[in-house]
>>> print(open('protein-v3.txt').read())   # compact mmCIF, C-alpha atoms
# COMPACT_ATOMS: atom_id res chain seq x y z
CA MET A 1 -12.59 -8.39 14.35
CA GLY A 2 -11.34 -5.09 15.60
CA VAL A 3 -8.30 -3.24 14.45
CA ILE A 4 -5.68 -2.43 17.01
CA THR A 5 -3.53 0.45 15.93
CA ARG A 6 -0.60 1.95 17.73
CA GLY A 7 1.31 5.02 16.84
CA GLU A 8 -0.63 5.88 13.71
CA PRO A 9 -0.67 9.55 12.72
CA GLU A 10 -2.93 11.52 15.01
CA GLY A 11 -6.50 11.48 13.86
CA PHE A 12 -6.01 9.22 10.87
CA VAL A 13 -7.64 6.10 12.29
CA GLU A 14 -10.66 8.13 13.37
CA PHE A 15 -10.89 9.74 9.95
CA ALA A 16 -10.52 6.44 8.11
CA SER A 17 -13.07 4.74 10.35
CA ALA A 18 -15.60 7.50 9.76
CA GLU A 19 -15.03 7.80 6.01
CA SER A 20 -14.56 4.17 4.99
CA ARG A 21 -18.30 3.58 4.77
CA PRO A 22 -19.12 6.67 2.63
CA LEU A 23 -16.13 5.85 0.45
CA PHE A 24 -17.31 2.29 0.07
CA ARG A 25 -20.74 3.49 -1.02
CA THR A 26 -19.20 5.63 -3.71
CA ALA A 27 -16.99 2.73 -4.76
CA TRP A 28 -19.95 0.41 -4.91
CA LEU A 29 -21.82 2.64 -7.34
CA LEU A 30 -18.69 2.98 -9.44
CA THR A 31 -17.80 -0.72 -9.58
CA ALA A 32 -20.88 -2.75 -8.59
CA ASP A 33 -18.34 -5.22 -7.23
CA TRP A 34 -17.74 -5.81 -3.54
CA GLN A 35 -14.11 -6.83 -3.84
CA LEU A 36 -13.20 -4.05 -6.23
CA SER A 37 -14.94 -1.61 -3.91
CA GLU A 38 -12.84 -2.75 -0.97
CA ASP A 39 -9.73 -2.48 -3.10
CA LEU A 40 -10.68 1.03 -4.16
CA VAL A 41 -11.37 2.20 -0.61
CA GLN A 42 -8.16 0.73 0.75
CA GLU A 43 -6.13 2.33 -2.03
CA THR A 44 -7.81 5.66 -1.33
CA LEU A 45 -7.18 5.42 2.40
CA GLY A 46 -3.59 4.46 1.64
CA ARG A 47 -3.12 7.65 -0.35
CA MET A 48 -4.77 9.68 2.40
CA TYR A 49 -2.40 8.05 4.89
CA VAL A 50 0.59 9.28 2.91
CA ALA A 51 -0.93 12.77 2.60
CA TRP A 52 -1.97 12.91 6.26
CA PRO A 53 1.05 14.85 7.60
CA LYS A 54 -0.12 17.79 5.45
CA ILE A 55 -3.82 17.25 5.98
CA ASP A 56 -4.27 20.61 7.67
CA ARG A 57 -3.75 22.24 4.27
CA ILE A 58 -6.94 20.59 2.99
CA ASP A 59 -10.20 22.36 3.81
CA ASN A 60 -12.42 19.29 3.77
CA PRO A 61 -10.54 15.99 4.05
CA ALA A 62 -13.71 13.91 3.66
CA ALA A 63 -14.60 15.62 0.37
CA TYR A 64 -10.99 15.37 -0.73
CA ALA A 65 -11.05 11.61 -0.09
CA GLN A 66 -14.10 11.34 -2.32
CA THR A 67 -12.20 13.12 -5.05
CA VAL A 68 -9.25 10.81 -4.54
CA ILE A 69 -11.41 7.72 -4.86
CA VAL A 70 -12.85 8.71 -8.23
CA ARG A 71 -9.39 9.56 -9.52
CA VAL A 72 -8.09 6.20 -8.33
CA PHE A 73 -11.07 4.54 -9.95
CA LEU A 74 -10.42 6.24 -13.28
CA SER A 75 -6.75 5.32 -13.25
CA GLN A 76 -7.33 1.75 -12.08
CA ARG A 77 -10.03 1.05 -14.57
CA ARG A 78 -7.68 1.88 -17.37
CA ARG A 79 -5.41 -0.92 -16.19
CA ARG A 80 -8.10 -3.44 -15.37
CA MET A 81 -10.55 -3.27 -18.20
CA SER A 82 -9.98 -6.90 -19.06
CA ARG A 83 -10.82 -7.90 -15.52
CA GLU A 84 -14.12 -6.08 -15.24
CA ARG A 85 -16.77 -8.25 -13.73
CA PRO A 86 -19.77 -6.29 -12.55
CA ALA A 87 -21.69 -8.03 -9.81
CA ALA A 88 -24.76 -9.92 -10.94
CA GLU A 89 -26.74 -8.90 -7.91
CA LEU A 90 -26.68 -6.67 -4.90
CA PRO A 91 -25.65 -7.96 -1.48
CA ASP A 92 -28.33 -9.40 0.75
CA THR A 93 -30.83 -6.88 1.98
CA SER A 94 -33.97 -7.16 3.94
CA SER A 95 -36.15 -5.13 1.62
CA ARG A 96 -37.53 -6.98 -1.39
CA ASP A 97 -40.04 -4.51 -2.62
CA SER A 98 -40.28 -2.55 -5.82
CA ASP A 99 -37.96 0.13 -4.47
CA HIS A 100 -35.31 -2.47 -3.93
CA ASP A 101 -35.82 -3.79 -7.43
CA LEU A 102 -35.36 -0.31 -8.76
CA GLU A 103 -32.18 0.23 -6.77
CA MET A 104 -30.80 -3.03 -8.07
CA MET A 105 -31.65 -2.07 -11.62
CA LEU A 106 -29.93 1.27 -11.12
CA VAL A 107 -26.67 -0.28 -9.93
CA THR A 108 -26.72 -2.80 -12.75
CA ALA A 109 -27.39 -0.06 -15.28
CA LEU A 110 -24.63 2.16 -13.91
CA ALA A 111 -22.17 -0.69 -14.32
CA LYS A 112 -22.91 -0.71 -18.04
CA LEU A 113 -21.99 2.95 -18.52
CA PRO A 114 -18.55 4.23 -19.49
CA LYS A 115 -16.44 4.90 -16.45
CA ARG A 116 -16.43 8.69 -16.81
CA ASP A 117 -20.21 8.68 -17.03
CA ARG A 118 -20.38 6.77 -13.78
CA VAL A 119 -17.98 9.17 -12.08
CA VAL A 120 -19.85 12.26 -13.19
CA LEU A 121 -23.23 10.86 -12.14
CA VAL A 122 -21.95 9.71 -8.76
CA LEU A 123 -20.27 13.02 -8.00
CA ARG A 124 -23.27 15.04 -9.14
CA TYR A 125 -26.10 12.96 -7.68
CA LEU A 126 -24.68 10.93 -4.79
CA GLU A 127 -22.13 13.47 -3.60
CA ASP A 128 -24.38 16.37 -4.60
CA ARG A 129 -21.50 18.36 -6.04
CA SER A 130 -21.96 21.31 -8.33
CA VAL A 131 -20.90 21.18 -11.96
CA GLU A 132 -18.07 23.54 -11.12
CA GLN A 133 -16.88 21.31 -8.28
CA VAL A 134 -16.94 18.23 -10.47
CA ALA A 135 -15.07 20.12 -13.17
CA ALA A 136 -12.38 21.04 -10.66
CA ASP A 137 -12.22 17.47 -9.34
CA LEU A 138 -11.72 16.00 -12.78
CA HIS A 139 -9.61 18.84 -14.21
CA ARG A 140 -12.12 19.58 -16.94
CA SER A 141 -14.21 22.58 -17.93
CA ALA A 142 -17.67 23.15 -16.50
CA GLY A 143 -19.10 23.01 -19.99
CA ALA A 144 -17.55 19.62 -20.63
CA ILE A 145 -18.99 18.30 -17.38
CA ARG A 146 -22.47 19.61 -18.23
CA THR A 147 -22.31 17.90 -21.60
CA GLN A 148 -21.01 14.67 -20.13
CA CYS A 149 -23.63 14.67 -17.40
CA SER A 150 -26.40 15.17 -19.92
CA ARG A 151 -25.12 12.36 -22.09
CA ALA A 152 -24.60 10.09 -19.10
CA LEU A 153 -28.19 10.60 -18.04
CA ALA A 154 -29.37 9.80 -21.56
CA ARG A 155 -27.27 6.64 -21.62
CA LEU A 156 -28.51 5.62 -18.22
CA ARG A 157 -32.09 6.15 -19.33
CA ALA A 158 -31.42 4.02 -22.38
CA VAL A 159 -29.83 1.25 -20.36
CA LEU A 160 -32.48 1.15 -17.67
CA SER A 161 -35.25 -1.20 -18.60
CA THR A 162 -38.77 -0.07 -19.34
CA ASP A 163 -39.78 -1.76 -16.10
CA ALA A 164 -37.37 0.41 -14.16
CA LEU A 165 -38.64 3.58 -15.77
CA ASP A 166 -42.17 2.54 -14.99
CA LEU A 167 -41.24 1.99 -11.36
CA MET A 168 -40.01 5.57 -11.19
CA GLN A 169 -43.39 6.98 -12.03
CA PRO A 170 -45.14 8.42 -8.99
CA MET B 1 -40.66 12.35 -12.63
CA ASP B 2 -37.42 12.89 -14.52
CA LEU B 3 -34.55 10.50 -13.97
CA ASP B 4 -32.21 13.25 -12.81
CA GLN B 5 -34.69 14.27 -10.13
CA ARG B 6 -34.98 10.73 -8.82
CA LEU B 7 -31.28 9.88 -9.01
CA PRO B 8 -30.05 11.42 -5.73
CA ASP B 9 -32.68 9.57 -3.74
CA LEU B 10 -32.25 6.35 -5.71
CA MET B 11 -28.50 6.36 -5.35
CA ASN B 12 -28.63 7.05 -1.66
CA ARG B 13 -31.14 4.28 -1.09
CA ALA B 14 -29.15 1.89 -3.28
CA VAL B 15 -26.15 2.24 -0.97
CA SER B 16 -27.90 2.76 2.34
CA THR B 17 -27.98 -0.93 3.24
CA LEU B 18 -24.34 -1.62 2.40
CA ASP B 19 -22.42 -2.75 5.43
CA PRO B 20 -18.73 -3.08 4.61
CA HIS B 21 -16.15 -4.36 7.08
CA THR B 22 -14.76 -1.00 8.16
CA GLY B 23 -12.01 -2.58 10.25
CA ARG B 24 -10.66 -4.38 7.21
CA LEU B 25 -10.88 -1.23 5.12
CA VAL B 26 -9.03 0.87 7.69
CA ALA B 27 -6.34 -1.73 8.31
CA GLY B 28 -5.88 -2.32 4.60
CA GLY B 29 -5.69 1.42 3.97
CA ILE B 30 -3.03 1.91 6.61
CA ALA B 31 -1.06 -1.05 5.29
CA ARG B 32 -1.18 0.32 1.76
CA GLY B 33 -0.25 3.77 3.00
CA LYS B 34 2.82 2.38 4.68
CA THR B 35 3.75 0.45 1.56
CA ARG B 36 3.16 3.48 -0.62
CA ARG B 37 5.24 5.68 1.63
CA ARG B 38 8.07 3.17 1.71
CA ARG B 39 7.92 2.68 -2.05
CA ARG B 40 8.02 6.42 -2.58
CA TYR B 41 11.06 6.68 -0.37
CA VAL B 42 12.93 3.91 -2.06
CA GLY B 43 12.05 5.03 -5.57
CA LEU B 44 11.05 2.02 -7.60
CA GLY B 45 11.73 3.66 -10.92
CA ALA B 46 15.41 4.18 -10.39
CA GLU B 47 16.84 0.74 -10.65
CA VAL B 48 20.57 0.52 -10.34
CA VAL B 49 22.06 -2.59 -11.79
CA MET B 50 25.26 -3.62 -10.17
CA SER B 51 28.37 -4.09 -12.16
CA ALA B 52 29.47 -7.64 -12.79
CA ALA B 53 32.57 -7.11 -10.69
CA VAL B 54 30.63 -5.94 -7.66
CA LEU B 55 28.11 -8.72 -8.09
CA ALA B 56 30.85 -11.32 -8.29
CA ALA B 57 32.49 -9.93 -5.19
CA LEU B 58 29.24 -10.13 -3.26
CA VAL B 59 28.63 -13.70 -4.30
CA VAL B 60 32.13 -14.63 -3.17
CA VAL B 61 31.51 -12.98 0.17
CA ALA B 62 28.21 -14.79 0.48
CA MET B 63 29.77 -18.14 -0.39
CA GLN B 64 32.52 -17.61 2.12
CA PHE B 65 29.98 -16.87 4.74
CA VAL B 66 27.91 -19.91 3.89
CA THR B 67 30.99 -22.05 4.34
CA ALA B 68 31.43 -20.71 7.81
CA ARG B 69 27.76 -20.67 8.79
CA PRO B 70 25.45 -23.63 8.21
CA HIS B 71 22.37 -23.01 6.12
CA GLY B 72 19.39 -22.19 8.27
CA SER B 73 21.31 -21.19 11.33
CA ALA B 74 19.56 -18.39 13.11
CA THR B 75 22.28 -17.54 15.55
CA GLN B 76 24.30 -14.39 15.25
CA PRO B 77 28.04 -14.91 14.91
CA ALA B 78 30.34 -13.56 17.52
CA LEU B 79 32.28 -10.69 16.06
CA ALA B 80 35.80 -12.03 16.18
CA PRO B 81 38.48 -9.39 16.25
CA THR B 82 40.76 -9.48 13.24
CA SER B 83 43.71 -8.05 15.12
CA PRO B 84 44.94 -8.18 18.70
CA ALA B 85 42.65 -6.34 21.06
CA VAL B 86 44.73 -3.22 21.39
CA PRO B 87 42.70 -0.09 22.14
CA PRO B 88 43.18 2.56 19.48
CA PRO B 89 45.18 5.58 20.51
CA LYS B 90 42.98 8.36 21.83
CA SER B 91 44.40 10.81 19.35
CA THR B 92 42.80 8.94 16.38
CA PRO B 93 39.13 8.35 17.19
CA VAL B 94 37.11 6.48 14.61
CA ARG B 95 35.06 8.92 12.58
CA THR B 96 31.47 7.81 12.19
CA VAL B 97 28.70 8.83 9.84
CA ALA B 98 24.95 8.22 9.72
CA VAL B 99 23.91 4.95 8.17
CA THR B 100 23.61 5.14 4.40
CA PRO B 101 21.34 3.28 1.97
CA GLN B 102 24.38 1.35 0.77
CA ILE B 103 25.20 0.30 4.33
CA ALA B 104 21.62 -0.87 4.75
CA ALA B 105 21.94 -2.85 1.53
CA GLN B 106 25.29 -4.29 2.60
CA THR B 107 23.83 -5.30 5.95
CA LEU B 108 20.98 -7.09 4.23
CA ILE B 109 23.35 -8.77 1.78
CA ASP B 110 25.50 -9.91 4.69
CA LEU B 111 22.57 -11.32 6.65
CA VAL B 112 20.41 -13.00 4.00
CA PRO B 113 22.89 -15.77 3.04
CA ARG B 114 22.86 -17.02 6.63
CA TYR B 115 19.36 -18.28 5.98
CA LEU B 116 19.22 -18.87 2.24
CA GLY B 117 22.76 -19.87 1.40
CA LYS B 118 24.23 -18.53 -1.80
CA VAL B 119 22.13 -15.81 -3.34
CA GLY B 120 22.48 -13.81 -6.51
CA ILE B 121 21.86 -10.07 -6.41
CA ASP B 122 19.95 -8.88 -9.43
CA LYS B 123 19.25 -5.26 -8.53
CA LEU B 124 20.13 -2.77 -5.84
CA THR B 125 18.80 0.68 -5.23
CA GLY B 126 18.14 2.96 -2.31
CA ARG B 127 17.94 6.43 -0.94
CA SER B 128 18.05 8.27 2.33
CA ALA B 129 15.43 10.32 4.12
CA PRO B 130 15.53 12.19 7.41
CA GLY B 131 16.22 9.52 10.00
CA GLN B 132 16.03 6.72 7.46
CA ALA B 133 18.12 4.61 5.13
CA LEU B 134 16.07 2.75 2.56
CA THR B 135 17.09 0.07 0.16
CA GLU B 136 15.53 -2.34 -2.27
CA VAL B 137 17.26 -5.53 -3.31
CA VAL B 138 16.22 -8.24 -5.75
CA ILE B 139 17.73 -11.54 -4.75
CA ASP B 140 17.66 -14.98 -6.30
CA ASP B 141 18.45 -18.07 -4.26
CA GLY B 142 17.92 -20.36 -7.22
CA HIS B 143 14.19 -20.77 -6.59
CA GLY B 144 13.03 -17.53 -8.17
CA ALA B 145 13.88 -13.83 -8.00
CA ALA B 146 12.31 -11.92 -5.15
CA GLN B 147 12.32 -8.32 -4.03
CA VAL B 148 13.36 -7.52 -0.49
CA ASP B 149 12.96 -4.01 0.94
CA VAL B 150 14.47 -2.52 4.05
CA ALA B 151 13.58 0.70 5.78
CA PHE B 152 15.98 1.32 8.63
CA SER B 153 14.87 4.21 10.83
CA TYR B 154 16.59 5.90 13.71
CA PRO B 155 15.41 8.70 15.99
CA VAL B 156 15.99 12.24 14.84
CA ASN B 157 15.81 14.90 17.55
CA GLY B 158 14.47 12.28 19.92
CA GLN B 159 11.56 11.37 17.66
CA SER B 160 10.99 7.97 16.17
CA SER B 161 8.20 6.55 14.05
CA THR B 162 6.04 3.68 15.22
CA THR B 163 3.35 2.44 12.90
CA PHE B 164 2.12 -1.04 13.70
CA VAL B 165 -1.26 -2.46 12.74
CA CYS B 166 -1.25 -5.45 15.03
CA ASP B 167 -4.35 -7.14 13.72
CA ASP B 168 -4.91 -6.85 9.99
CA PRO B 169 -7.84 -9.05 8.98
CA SER B 170 -6.96 -8.71 5.31
CA ALA B 171 -3.76 -10.70 5.82
CA ASP B 172 -3.35 -14.45 6.21
CA LYS B 173 -1.53 -13.90 9.48
CA SER B 174 -0.50 -10.85 11.45
CA GLY B 175 0.42 -10.04 14.99
CA CYS B 176 2.54 -8.11 17.44
CA SER B 177 4.63 -9.06 20.43
CA THR B 178 7.09 -7.49 22.83
CA THR B 179 10.29 -9.14 24.00
CA ALA B 180 11.66 -9.04 27.52
CA ASP B 181 14.00 -6.16 26.70
CA GLY B 182 11.13 -4.04 25.40
CA THR B 183 11.70 -4.62 21.70
CA LYS B 184 8.42 -4.56 19.78
CA LEU B 185 7.90 -7.02 16.97
CA TRP B 186 5.30 -6.96 14.21
CA ALA B 187 4.89 -9.58 11.51
CA GLN B 188 2.45 -10.20 8.71
CA GLN B 189 1.89 -12.62 5.88
CA GLY B 190 -0.33 -10.89 3.39
CA TYR B 191 -0.66 -9.78 -0.16
CA GLU B 192 0.23 -6.83 -2.34
CA TYR B 193 -3.48 -6.50 -3.10
CA PRO B 194 -5.24 -7.71 0.05
CA ALA B 195 -8.73 -7.24 -1.37
CA ASP B 196 -7.95 -9.47 -4.32
CA PRO B 197 -4.93 -11.66 -3.55
CA SER B 198 -5.06 -13.35 -6.93
CA ARG B 199 -4.10 -10.09 -8.59
CA GLY B 200 -0.58 -9.82 -7.24
CA ALA B 201 2.32 -11.10 -5.23
CA ARG B 202 2.45 -12.31 -1.67
CA GLU B 203 4.01 -9.80 0.69
CA TRP B 204 5.53 -10.87 3.97
CA SER B 205 6.77 -8.23 6.36
CA VAL B 206 8.39 -7.82 9.74
CA SER B 207 9.02 -4.69 11.77
CA VAL B 208 11.22 -4.44 14.81
CA LEU B 209 11.28 -1.41 17.08
CA ARG B 210 13.99 -1.39 19.68
CA PRO B 211 13.67 0.51 22.96
CA ASN B 212 16.33 2.96 21.76
CA GLY B 213 14.10 3.95 18.84
CA LEU B 214 15.89 2.05 16.07
CA GLN B 215 13.38 0.45 13.73
CA VAL B 216 13.91 -2.10 10.98
CA ASP B 217 11.08 -2.70 8.50
CA LEU B 218 11.65 -5.67 6.22
CA SER B 219 9.34 -6.73 3.40
CA GLU B 220 9.68 -9.39 0.75
CA TRP B 221 7.62 -10.62 -2.17
CA ASN B 222 7.45 -13.81 -4.20
CA ALA B 223 8.18 -11.74 -7.30
CA PRO B 224 11.04 -9.53 -8.47
CA ALA B 225 8.89 -6.43 -8.00
CA GLU B 226 6.00 -5.39 -5.82
CA LYS B 227 3.67 -4.79 -8.72
CA ASP B 228 3.32 -5.71 -12.37
CA ALA B 229 5.78 -8.59 -12.24
CA PRO B 230 5.03 -12.30 -12.55
CA GLN B 231 5.30 -14.40 -9.42
CA THR B 232 8.46 -16.47 -9.58
CA ARG B 233 7.86 -18.75 -6.62
CA PRO B 234 5.02 -19.93 -4.38
CA ALA B 235 6.13 -17.87 -1.39
CA PRO B 236 8.71 -15.19 -0.58
CA PRO B 237 12.15 -16.65 0.10
CA LEU B 238 12.53 -15.97 3.83
CA THR B 239 10.26 -17.31 6.52
CA ILE B 240 8.84 -14.93 9.11
CA ALA B 241 11.29 -16.38 11.65
CA GLN B 242 14.18 -15.68 9.31
CA LEU B 243 12.93 -12.17 8.56
CA THR B 244 12.65 -11.57 12.29
CA ALA B 245 16.17 -12.86 12.89
CA ILE B 246 17.51 -10.50 10.24
CA ALA B 247 15.52 -7.54 11.53
CA THR B 248 16.66 -8.10 15.11
CA SER B 249 20.33 -8.42 14.19
CA LYS B 250 22.63 -6.06 16.03
CA GLN B 251 24.29 -5.31 12.71
CA TRP B 252 21.67 -2.61 12.11
CA ARG B 253 23.32 0.54 13.43
CA ALA B 254 22.43 4.22 13.22
CA THR B 255 26.07 5.23 12.78
CA VAL B 256 28.92 3.39 11.13
CA PRO B 257 32.62 4.07 10.68
CA ALA B 258 33.22 6.44 7.80
CA THR B 259 35.61 3.96 6.21
CA GLU B 260 32.88 1.33 6.16
CA ALA B 261 30.42 3.77 4.56
CA ALA B 262 33.00 4.73 1.94
CA LYS B 263 33.56 1.09 1.05
CA ALA B 264 29.85 0.38 0.80
CA SER B 265 29.26 3.47 -1.32
CA LYS B 266 30.63 1.56 -4.31
CA LEU B 267 27.62 -0.77 -4.25
CA PHE B 268 25.31 1.62 -6.06
CA HIS B 269 24.58 5.29 -6.60
CA PRO B 270 21.59 6.20 -4.43
CA ASP B 271 18.58 8.11 -5.60
CA PRO B 272 18.35 11.73 -4.44
CA PRO B 273 17.56 11.95 -0.74
CA LEU B 274 14.12 12.91 0.49
CA HIS B 275 13.77 15.88 2.79
>>> encode(input="protein-v3.txt", output="structure tokens")
Amino acid sequence: MGVITRGEPEGFVEFASAESRPLFRTAWLLTADWQLSEDLVQETLGRMYVAWPKIDRIDNPAAYAQTVIVRVFLSQRRRRMSRERPAAELPDTSSRDSDHDLEMMLVTALAKLPKRDRVVLVLRYLEDRSVEQVAADLHRSAGAIRTQCSRALARLRAVLSTDALDLMQP
Amino acid sequence: MDLDQRLPDLMNRAVSTLDPHTGRLVAGGIARGKTRRRRRYVGLGAEVVMSAAVLAALVVVAMQFVTARPHGSATQPALAPTSPAVPPPKSTPVRTVAVTPQIAAQTLIDLVPRYLGKVGIDKLTGRSAPGQALTEVVIDDGHGAAQVDVAFSYPVNGQSSTTFVCDDPSADKSGCSTTADGTKLWAQQGYEYPADPSRGAREWSVSVLRPNGLQVDLSEWNAPAEKDAPQTRPAPPLTIAQLTAIATSKQWRATVPATEAAKASKLFHPDPPLH
């Protein structure tokens, strides 16, 4: 079903249409839950909508939206801890090989990490942001981000099953 | 190979097959943006509780109106003159002012009882913004307290705002239409949290944009607050038809007599205006 929009701020619908998929991917790795991911993306786009009249002051709106989504995630998770329900499995996909198994294990393992670990790993490895960028995004020092990233990787390694680690070997 | 070296590729492949409904995401984002913008204008945190005297006076007014107007009637009353139709002398023109948040609240309070009968007013607040009067009222018709918001907009320097998402798949129902005189109507029955309706209240909304640029945005919930409040009733108090009737009322005016604004100013002290 298409979306008919009239009179929306210039360029916003195009921006939201282009960025909703990348935002959803980030949200999926953060939540491992389809519904929560949709909620997160819509909340992020809602905040971008409000900020849109001043969007020309932002160098990279797409990157800014990614920052907004992790901040929304961190604030929402604090309110919804009792409602956490990580998805038991990934959505349907055509590939059913070992790579797919590994991807599924990764998402499941990420969902078991503390929320800040997930955010740091997603920003560093999915968004490919530098330590300094992540530090700026999360209002923390670069040193704190390096430490957290290192610990998050260690936790992820501990959570991933031996099978998963074996699958990673070349 | 180390985990950190494999992670970028693994993460990208883990999300590469995801195929979200982008239309729903965009529509939901716009809807939330509009709600967020309206909520920011109105200022949820600054609740102004009416004095008992003012509340009693409003209830009396509402009851008087109900006596004169059957419950459920959707027709607008003819404005009967209270004095002989003698044109005012030209030397004393009526001074008018821009609509205020209190006038918007008074207009809503005047109109709602036509459809719900006697209603109690639990809370009133509001503020102004360039080209807008915004108010938030919590009413109780005896079936549960419910928040009703109004954003009344009028053109400033020839500019008006028009923000309609005519087809929002995240809502139960939504749609747009245009009347013969060019008035645009938008209505939606949705949720505060469209992605997870069970988390919050139902939100029903109507927007009316007249050809002259006047716009009335009405929203209501089945709870006394948009968020973080228990639902008090199965559905918001007014039907979409009733919301539409209220929003299309000719009582919504961009300017009002100064005396009327002064009288309404006693309803509540508005939050600081937005610029």
>>> closest_residue(input="protein-v3.txt", among="B:Ala261, B:Lys250, B:Arg32, B:Pro113", to="Glu203 (chain B)", atoms="all atoms listed in the file")
B:Arg32
>>> atom_distance(input="protein-v3.txt", atom1="CA of Ser150 (chain A)", atom2="CA of Val68 (chain A)")
23.4 Å
>>> closest_residue(input="protein-v3.txt", among="B:Thr183, B:Ser174, B:Gln147, B:Asn222", to="chain A", atoms="all atoms listed in the file")
B:Ser174
>>> atom_distance(input="protein-v3.txt", atom1="CA of Thr135 (chain B)", atom2="CA of Val256 (chain B)")
16.5 Å
>>> atom_distance(input="protein-v3.txt", atom1="CA of Ala154 (chain A)", atom2="CA of Val119 (chain A)")
14.8 Å
>>> closest_residue(input="protein-v3.txt", among="B:Thr255, B:Ser205, B:Thr248, B:Thr22", to="chain A", atoms="all atoms listed in the file")
B:Thr22
>>> closest_residue(input="protein-v3.txt", among="A:Pro53, A:Pro22, A:Pro114, A:Pro61", to="Leu153 (chain A)", atoms="all atoms listed in the file")
A:Pro114
>>> closest_residue(input="protein-v3.txt", among="A:Gln66, A:Gln42, A:Ser37, A:Thr31", to="chain B", atoms="all atoms listed in the file")
A:Gln42
>>> closest_residue(input="protein-v3.txt", among="B:Ala223, B:Ala146, B:Ala241, B:Leu209", to="chain A", atoms="only C-alpha atoms")
B:Leu209
>>> residues_around(input="protein-v3.txt", residues="Leu218 (chain B)", least_positions_apart="2", cutoff="7 Å", atoms="all atoms listed in the file", output="compact mmCIF listing (two decimals) with C-alpha atoms, in the frame of the given file")
# COMPACT_ATOMS: atom_id res chain seq x y z
CA ASP B 149 12.96 -4.01 0.94
CA VAL B 150 14.47 -2.52 4.05
CA ALA B 151 13.58 0.70 5.78
CA SER B 205 6.77 -8.23 6.36
CA VAL B 206 8.39 -7.82 9.74
CA SER B 207 9.02 -4.69 11.77
CA VAL B 216 13.91 -2.10 10.98
CA GLU B 220 9.68 -9.39 0.75
CA ALA B 247 15.52 -7.54 11.53
